[in-house]
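**Q** Hey, dropping final32.tsv in here, TSV, C-alpha atoms:
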```tsv
chain	number	residue	atom	x	y	z
A	178	MET	CA	0.00	0.00	0.00
A	179	LYS	CA	1.33	3.41	-0.96
A	180	PRO	CA	1.75	5.91	1.87
A	181	HIS	CA	-0.90	8.30	0.55
A	182	HIS	CA	-3.39	5.44	0.17
A	183	PHE	CA	-2.78	4.59	3.79
A	184	LEU	CA	-3.38	8.22	4.78
A	185	ILE	CA	-6.64	8.34	2.84
A	186	CYS	CA	-7.80	5.12	4.54
A	187	LEU	CA	-6.85	6.59	7.91
A	188	ALA	CA	-8.64	9.83	7.13
A	189	LEU	CA	-11.79	7.90	6.19
A	190	ALA	CA	-11.59	5.50	9.11
A	191	LEU	CA	-11.00	8.08	11.84
A	192	PRO	CA	-14.20	10.12	11.45
A	193	SER	CA	-16.31	6.97	11.16
A	194	LEU	CA	-14.63	5.44	14.23
A	195	SER	CA	-14.92	8.64	16.21
A	196	SER	CA	-18.64	8.74	15.50
A	197	CYS	CA	-18.78	5.20	16.90
A	198	SER	CA	-17.03	6.39	20.06
A	199	GLN	CA	-20.03	8.57	20.87
A	200	GLN	CA	-22.10	5.41	21.14
A	201	LEU	CA	-19.75	3.80	23.66
A	202	VAL	CA	-20.88	3.61	27.23
A	203	ARG	CA	-18.86	6.08	29.23
A	204	VAL	CA	-19.18	5.64	32.96
A	205	LYS	CA	-19.27	9.06	34.58
A	206	PRO	CA	-17.47	9.66	37.90
A	207	TYR	CA	-20.82	9.83	39.71
A	208	GLU	CA	-21.97	6.52	38.25
A	209	ARG	CA	-19.14	4.41	39.67
A	210	GLY	CA	-21.03	3.07	42.65
A	211	VAL	CA	-21.02	-0.49	41.37
A	212	LEU	CA	-17.37	-0.33	40.28
A	213	ALA	CA	-16.43	0.88	43.77
A	214	LYS	CA	-17.80	-2.27	45.41
A	215	PRO	CA	-15.17	-4.49	47.09
A	216	VAL	CA	-16.15	-7.40	44.85
A	217	MET	CA	-14.94	-5.40	41.84
A	218	SER	CA	-11.41	-5.07	43.21
A	219	GLU	CA	-8.54	-6.87	41.52
A	220	THR	CA	-7.75	-8.90	44.62
A	221	LEU	CA	-10.42	-9.95	47.03
A	222	ASP	CA	-7.97	-11.03	49.72
A	223	PRO	CA	-4.89	-8.82	50.16
A	224	LEU	CA	-3.27	-11.31	52.56
A	225	GLN	CA	-3.61	-14.16	50.10
A	226	LYS	CA	-2.15	-11.96	47.36
A	227	ALA	CA	0.83	-10.99	49.56
A	228	MET	CA	1.51	-14.68	50.39
A	229	THR	CA	1.20	-15.80	46.77
A	230	GLU	CA	3.56	-13.05	45.68
A	231	HIS	CA	6.06	-13.96	48.38
A	232	ALA	CA	5.99	-17.62	47.35
A	233	TYR	CA	6.38	-16.67	43.69
A	234	PHE	CA	9.21	-14.26	44.48
A	235	SER	CA	11.08	-16.88	46.53
A	236	ARG	CA	10.61	-19.63	43.97
A	237	GLU	CA	11.42	-17.51	40.95
A	238	ALA	CA	14.40	-15.72	42.49
A	239	SER	CA	16.78	-16.88	39.78
A	240	PHE	CA	14.44	-15.32	37.23
A	241	GLY	CA	14.09	-12.04	39.08
A	242	GLY	CA	10.99	-12.82	41.06
A	243	GLY	CA	8.04	-10.51	40.80
A	244	GLY	CA	10.18	-7.39	40.44
A	245	VAL	CA	12.45	-6.06	37.76
A	246	GLY	CA	15.73	-6.75	39.56
A	247	GLY	CA	18.21	-9.43	38.63
A	248	GLY	CA	18.31	-13.00	39.88
A	249	GLY	CA	19.22	-13.92	43.39
A	250	CYS	CA	20.11	-16.84	45.62
A	251	GLY	CA	16.50	-17.87	46.22
A	252	CYS	CA	16.95	-17.41	49.94
A	253	ASN	CA	14.17	-14.87	50.49
B	216	MET	CA	-3.36	16.51	1.24
B	217	LYS	CA	-5.01	19.52	2.86
B	218	THR	CA	-8.34	17.69	2.88
B	219	ILE	CA	-6.74	14.73	4.63
B	220	ILE	CA	-5.20	16.96	7.29
B	221	THR	CA	-8.54	18.73	7.81
B	222	LEU	CA	-10.33	15.39	8.12
B	223	LEU	CA	-7.75	14.14	10.62
B	224	ALA	CA	-8.04	17.32	12.69
B	225	LEU	CA	-11.82	17.01	12.64
B	226	ALA	CA	-11.66	13.37	13.72
B	227	CYS	CA	-9.29	14.21	16.57
B	228	SER	CA	-11.50	17.04	17.77
B	229	THR	CA	-14.53	14.73	17.80
B	230	LEU	CA	-12.56	12.12	19.72
B	231	LEU	CA	-11.38	14.62	22.30
B	232	SER	CA	-14.65	16.46	22.77
B	233	SER	CA	-16.41	15.68	25.99
B	234	ALA	CA	-19.80	16.46	27.46
B	235	ASP	CA	-20.34	20.03	28.63
B	236	ALA	CA	-19.55	20.42	32.28
B	237	ALA	CA	-20.46	23.32	34.53
B	238	LYS	CA	-17.72	25.92	34.31
B	239	VAL	CA	-16.50	28.96	36.20
B	240	GLY	CA	-18.42	32.05	35.12
B	241	GLN	CA	-21.55	30.09	34.24
B	242	GLN	CA	-24.89	30.92	35.83
B	243	MET	CA	-26.13	28.10	38.05
B	244	PRO	CA	-29.71	27.07	37.28
B	245	LYS	CA	-32.24	26.85	40.08
B	246	LEU	CA	-31.41	23.78	42.12
B	247	SER	CA	-35.11	23.21	42.78
B	248	GLN	CA	-35.49	22.47	39.06
B	249	LEU	CA	-32.63	19.98	39.08
B	250	LEU	CA	-33.71	18.38	42.34
B	251	PRO	CA	-37.53	18.54	42.30
B	252	ALA	CA	-37.97	15.97	45.06
B	253	ALA	CA	-35.58	17.58	47.54
B	254	THR	CA	-36.29	20.16	50.22
B	255	LEU	CA	-33.73	22.88	49.64
B	256	PRO	CA	-32.87	25.96	51.69
B	257	ASN	CA	-33.31	29.48	50.32
B	258	THR	CA	-30.21	30.39	48.32
B	259	SER	CA	-31.17	33.77	46.90
B	260	GLY	CA	-28.50	36.37	47.62
B	261	LYS	CA	-26.33	33.82	49.41
B	262	VAL	CA	-22.97	32.26	48.69
B	263	VAL	CA	-23.68	28.62	47.89
B	264	LEU	CA	-21.35	25.65	48.08
B	265	VAL	CA	-22.73	22.73	46.09
B	266	ASP	CA	-20.89	19.53	46.93
B	267	PHE	CA	-21.36	16.22	45.10
B	268	TRP	CA	-20.72	13.14	47.18
B	269	ALA	CA	-21.44	9.41	47.25
B	270	SER	CA	-21.45	6.83	50.01
B	271	TRP	CA	-18.90	4.71	48.15
B	272	CYS	CA	-16.36	7.51	47.86
B	273	GLY	CA	-13.62	7.72	50.52
B	274	PRO	CA	-12.58	11.37	50.07
B	275	CYS	CA	-16.26	12.38	50.26
B	276	LYS	CA	-16.35	10.87	53.73
B	277	ALA	CA	-13.26	12.86	54.67
B	278	SER	CA	-14.80	16.09	53.39
B	279	PHE	CA	-17.86	16.00	55.66
B	280	PRO	CA	-16.16	17.19	58.90
B	281	ALA	CA	-14.57	20.06	56.93
B	282	LEU	CA	-17.93	21.05	55.43
B	283	ASN	CA	-19.49	20.91	58.92
B	284	ARG	CA	-16.79	23.31	60.16
B	285	LEU	CA	-17.47	25.68	57.25
B	286	GLN	CA	-21.18	25.53	57.99
B	287	ALA	CA	-20.60	26.37	61.66
B	288	LYS	CA	-18.29	29.27	60.81
B	289	TYR	CA	-19.98	30.90	57.84
B	290	ALA	CA	-23.69	29.94	57.84
B	291	ALA	CA	-24.60	33.04	59.86
B	292	LYS	CA	-22.62	35.23	57.46
B	293	GLY	CA	-24.55	34.06	54.40
B	294	LEU	CA	-23.12	30.70	53.28
B	295	VAL	CA	-25.39	27.84	52.29
B	296	ILE	CA	-23.88	24.39	51.83
B	297	ILE	CA	-25.85	21.82	49.86
B	298	GLY	CA	-24.48	18.30	49.74
B	299	ILE	CA	-25.88	16.37	46.80
B	300	GLY	CA	-25.68	12.60	47.19
B	301	VAL	CA	-25.53	10.71	43.91
B	302	ASP	CA	-26.06	7.19	45.24
B	303	GLU	CA	-28.36	5.10	43.13
B	304	ASP	CA	-29.46	3.18	46.21
B	305	ALA	CA	-31.65	5.40	48.43
B	306	ALA	CA	-30.96	3.21	51.49
B	307	LYS	CA	-27.20	3.72	51.16
B	308	TYR	CA	-27.69	7.46	50.79
B	309	LYS	CA	-29.77	7.58	53.96
B	310	THR	CA	-27.40	5.39	55.99
B	311	PHE	CA	-24.35	7.42	54.97
B	312	ALA	CA	-26.10	10.76	55.58
B	313	ALA	CA	-27.19	9.64	59.05
B	314	LYS	CA	-23.71	8.29	59.89
B	315	MET	CA	-21.84	11.43	58.85
B	316	GLY	CA	-23.99	13.78	60.93
B	317	ALA	CA	-24.01	16.60	58.42
B	318	THR	CA	-25.13	19.95	59.84
B	319	PHE	CA	-25.74	21.36	56.35
B	320	SER	CA	-28.51	20.60	53.86
B	321	LEU	CA	-28.43	17.31	51.99
B	322	ALA	CA	-30.30	16.32	48.85
B	323	HIS	CA	-30.57	13.01	47.03
B	324	ASP	CA	-30.02	13.18	43.29
B	325	SER	CA	-31.42	9.73	42.58
B	326	THR	CA	-32.11	10.43	38.91
B	327	HIS	CA	-28.69	12.09	38.37
B	328	GLN	CA	-30.42	15.15	36.94
B	329	ALA	CA	-28.23	17.59	38.87
B	330	ALA	CA	-25.12	15.46	38.34
B	331	SER	CA	-25.63	15.40	34.59
B	332	PHE	CA	-25.95	19.20	34.52
B	333	PHE	CA	-22.82	19.86	36.60
B	334	SER	CA	-20.99	16.79	35.27
B	335	PRO	CA	-18.57	16.62	38.22
B	336	PRO	CA	-15.10	15.60	36.95
B	337	THR	CA	-14.29	13.51	40.05
B	338	MET	CA	-15.96	12.45	43.27
B	339	PRO	CA	-16.23	14.57	45.32
B	340	SER	CA	-16.52	17.78	43.31
B	341	SER	CA	-17.80	21.08	44.57
B	342	TYR	CA	-18.96	24.34	43.08
B	343	LEU	CA	-18.74	27.64	44.88
B	344	VAL	CA	-21.42	30.03	43.70
B	345	ASP	CA	-21.48	33.76	44.46
B	346	ARG	CA	-24.42	35.85	45.69
B	347	LYS	CA	-25.58	36.45	42.11
B	348	GLY	CA	-25.73	32.74	41.31
B	349	VAL	CA	-22.59	32.60	39.17
B	350	ILE	CA	-20.22	29.66	39.61
B	351	ARG	CA	-16.92	31.15	40.83
B	352	HIS	CA	-14.78	28.16	41.81
B	353	VAL	CA	-14.81	24.48	40.95
B	354	HIS	CA	-13.07	22.02	43.28
B	355	SER	CA	-12.25	18.59	42.00
B	356	GLY	CA	-11.55	16.07	44.74
B	357	PHE	CA	-10.85	16.71	48.41
B	358	GLN	CA	-7.26	16.96	49.67
B	359	GLY	CA	-7.85	17.51	53.38
B	360	ALA	CA	-6.52	20.69	54.99
B	361	LYS	CA	-5.30	22.08	51.65
B	362	THR	CA	-8.80	22.07	50.12
B	363	GLU	CA	-10.34	23.35	53.37
B	364	ALA	CA	-7.93	26.32	53.39
B	365	GLU	CA	-8.87	27.05	49.77
B	366	TYR	CA	-12.56	26.92	50.68
B	367	VAL	CA	-12.02	29.33	53.59
B	368	ALA	CA	-10.14	31.87	51.44
B	369	GLU	CA	-12.65	31.70	48.59
B	370	ILE	CA	-15.73	31.80	50.82
B	371	GLU	CA	-14.39	34.79	52.77
B	372	ALA	CA	-13.66	36.63	49.53
B	373	LEU	CA	-17.15	35.90	48.15
B	374	LEU	CA	-18.92	36.79	51.40
B	375	GLY	CA	-17.03	40.08	51.55
B	376	LYS	CA	-18.25	41.13	48.12
```
Go ahead and render the structure in this file as structure tokens.
**A**
Amino acid sequence: MKPHHFLICLALALPSLSSCSQQLVRVKPYERGVLAKPVMSETLDPLQKAMTEHAYFSREASFGGGGVGGGGCGCN
Amino acid sequence: MKTIITLLALACSTLLSSADAAKVGQQMPKLSQLLPAATLPNTSGKVVLVDFWASWCGPCKASFPALNRLQAKYAAKGLVIIGIGVDEDAAKYKTFAAKMGATFSLAHDSTHQAASFFSPPTMPSSYLVDRKGVIRHVHSGFQGAKTEAEYVAEIEALLGK
């Protein structure tokens, strides 16, 4: 595809897509009551998450664990 | 090429455009029209602080003691505070309102009529309206003592006018 063809396609696609975006459901800040419920949180049990992460970090130490640091001795 | 650039600019502007929110300098409509079911205090000729809150919002909870202090200090001087609860569940609104012990007026915006007019950018959001009914300050969120100090300065300036 030539560059100007691509631009024309983009120019045609963007207005049509942006008109679609008006139809999307946008949750307003004052409508987030359901999203704020504890059941909607990423982790239901913070303690369980901490323990799982610790086990993963200890086991995967040679790989760098859950962080971005280098490998270790696995003695955490 | 020019047409393409124009089309792209148009598309971007449509993508970025958002719903009209209440802005500084705008005249506030009568709250009794936005909240027909609520019993509201007389706001004519008064400085009004309209605060949007919800029972599920942590900072809203933190803002109540500060709003109570403002009410105690400035109500006699001509400040009216109206806390608009946007909970969909009426029971949660009532429980939260009773628990917080608000000394200022509260109203339930169950149909989100007022919320959709003001379109608060965050929860909580508040609008400080002068004696003529013009929105003078918009507060987005509540940051404890910092926001309270801002409220005090702005309210004193508006009451002095």
**Q** Tell me which protein, DNA and RNA residues are within 7 Å of Ser270 (chain B), counting all atoms listed in the file, leaving out same-chain ones fewer than 4 positions away, and put them as a PyMOL selection string.
**A** chain B and resi 302+307-308+311
**Q** From the set B:Val239, B:Val301, B:Ile296, B:Leu285, which residue has the shortest atom-to-atom contact distance to Pro339 (chain B), counting all atoms listed in the file?
**A** B:Val301
**Q** Extract, using only C-alpha atoms, all DNA, RNA and protein residues at most 10 Å from Ala277 (chain B), discarding same-chain residues fewer than 6 positions from it, and format them as JSON, numbers by chain.
**A** {"B": [315, 339, 357, 358, 359]}
**Q** From the set B:Leu294, B:Cys275, B:Met338, B:Ala317, which residue has the shortest atom-to-atom contact distance to chain A, counting all atoms listed in the file?
**A**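 The closest residue to chain A is B:Met338.
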**Q** Skipping near chain neighbours, those fewer than 3 positions away, what residues fall within 12 Å of Thr362 (chain B) using only C-alpha atoms, listed as a list in words?
**A**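 Near neighbours after the sequence-gap exclusion: Pro274, Ala277, Ser278, Ala281, Leu282, Leu285, Pro339, Ser340, Ser341, His352, Val353, His354, Ser355, Gly356, Phe357, Gln358, Gly359, Glu365, Tyr366, Val367, Ala368, Glu369 and Ile370 of chain B.
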**Q** Could you list, as a PyMOL selection string, every residue within 8 Å of region 209-226 of chain A, counting only C-alpha atoms and ignoring same-chain residues fewer than 5 positions away?
**A** (chain A and resi 204) or (chain B and resi 269+271-272+302-303)
**Q** Of the candidates B:Gly260, B:Pro336, B:Pro280, B:Gly300, which one gets nearest to Leu373 (chain B) if we count all atoms listed in the file?
**A**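 Result for the nearest residue to Leu373 (chain B): B:Gly260.
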**Q** Can you measure CA of Lys261 (chain B) to CA of Met243 (chain B) for me? One decimal in Å is fine.
**A**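 Separating CA of Lys261 (chain B) from CA of Met243 (chain B) is a distance of 12.7 Å.
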**Q** How many Å separate CA of Val263 (chain B) from CA of Ala291 (chain B)?
**A**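 CA of Ala291 (chain B) lies at a distance of 12.8 Å from CA of Val263 (chain B).
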**Q** Find the distance between CA of Ser331 (chain B) and CA of Tyr207 (chain A) and write it in Å to one decimal.
**A**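 We find that CA of Ser331 (chain B) and CA of Tyr207 (chain A) lie 9.0 Å from each other.
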**Q** Just checking: using all atoms listed in the file, which residue out of A:Leu201, A:Ala227, A:Ser235, A:Glu208 ends up closest to chain B?
**A** A:Glu208
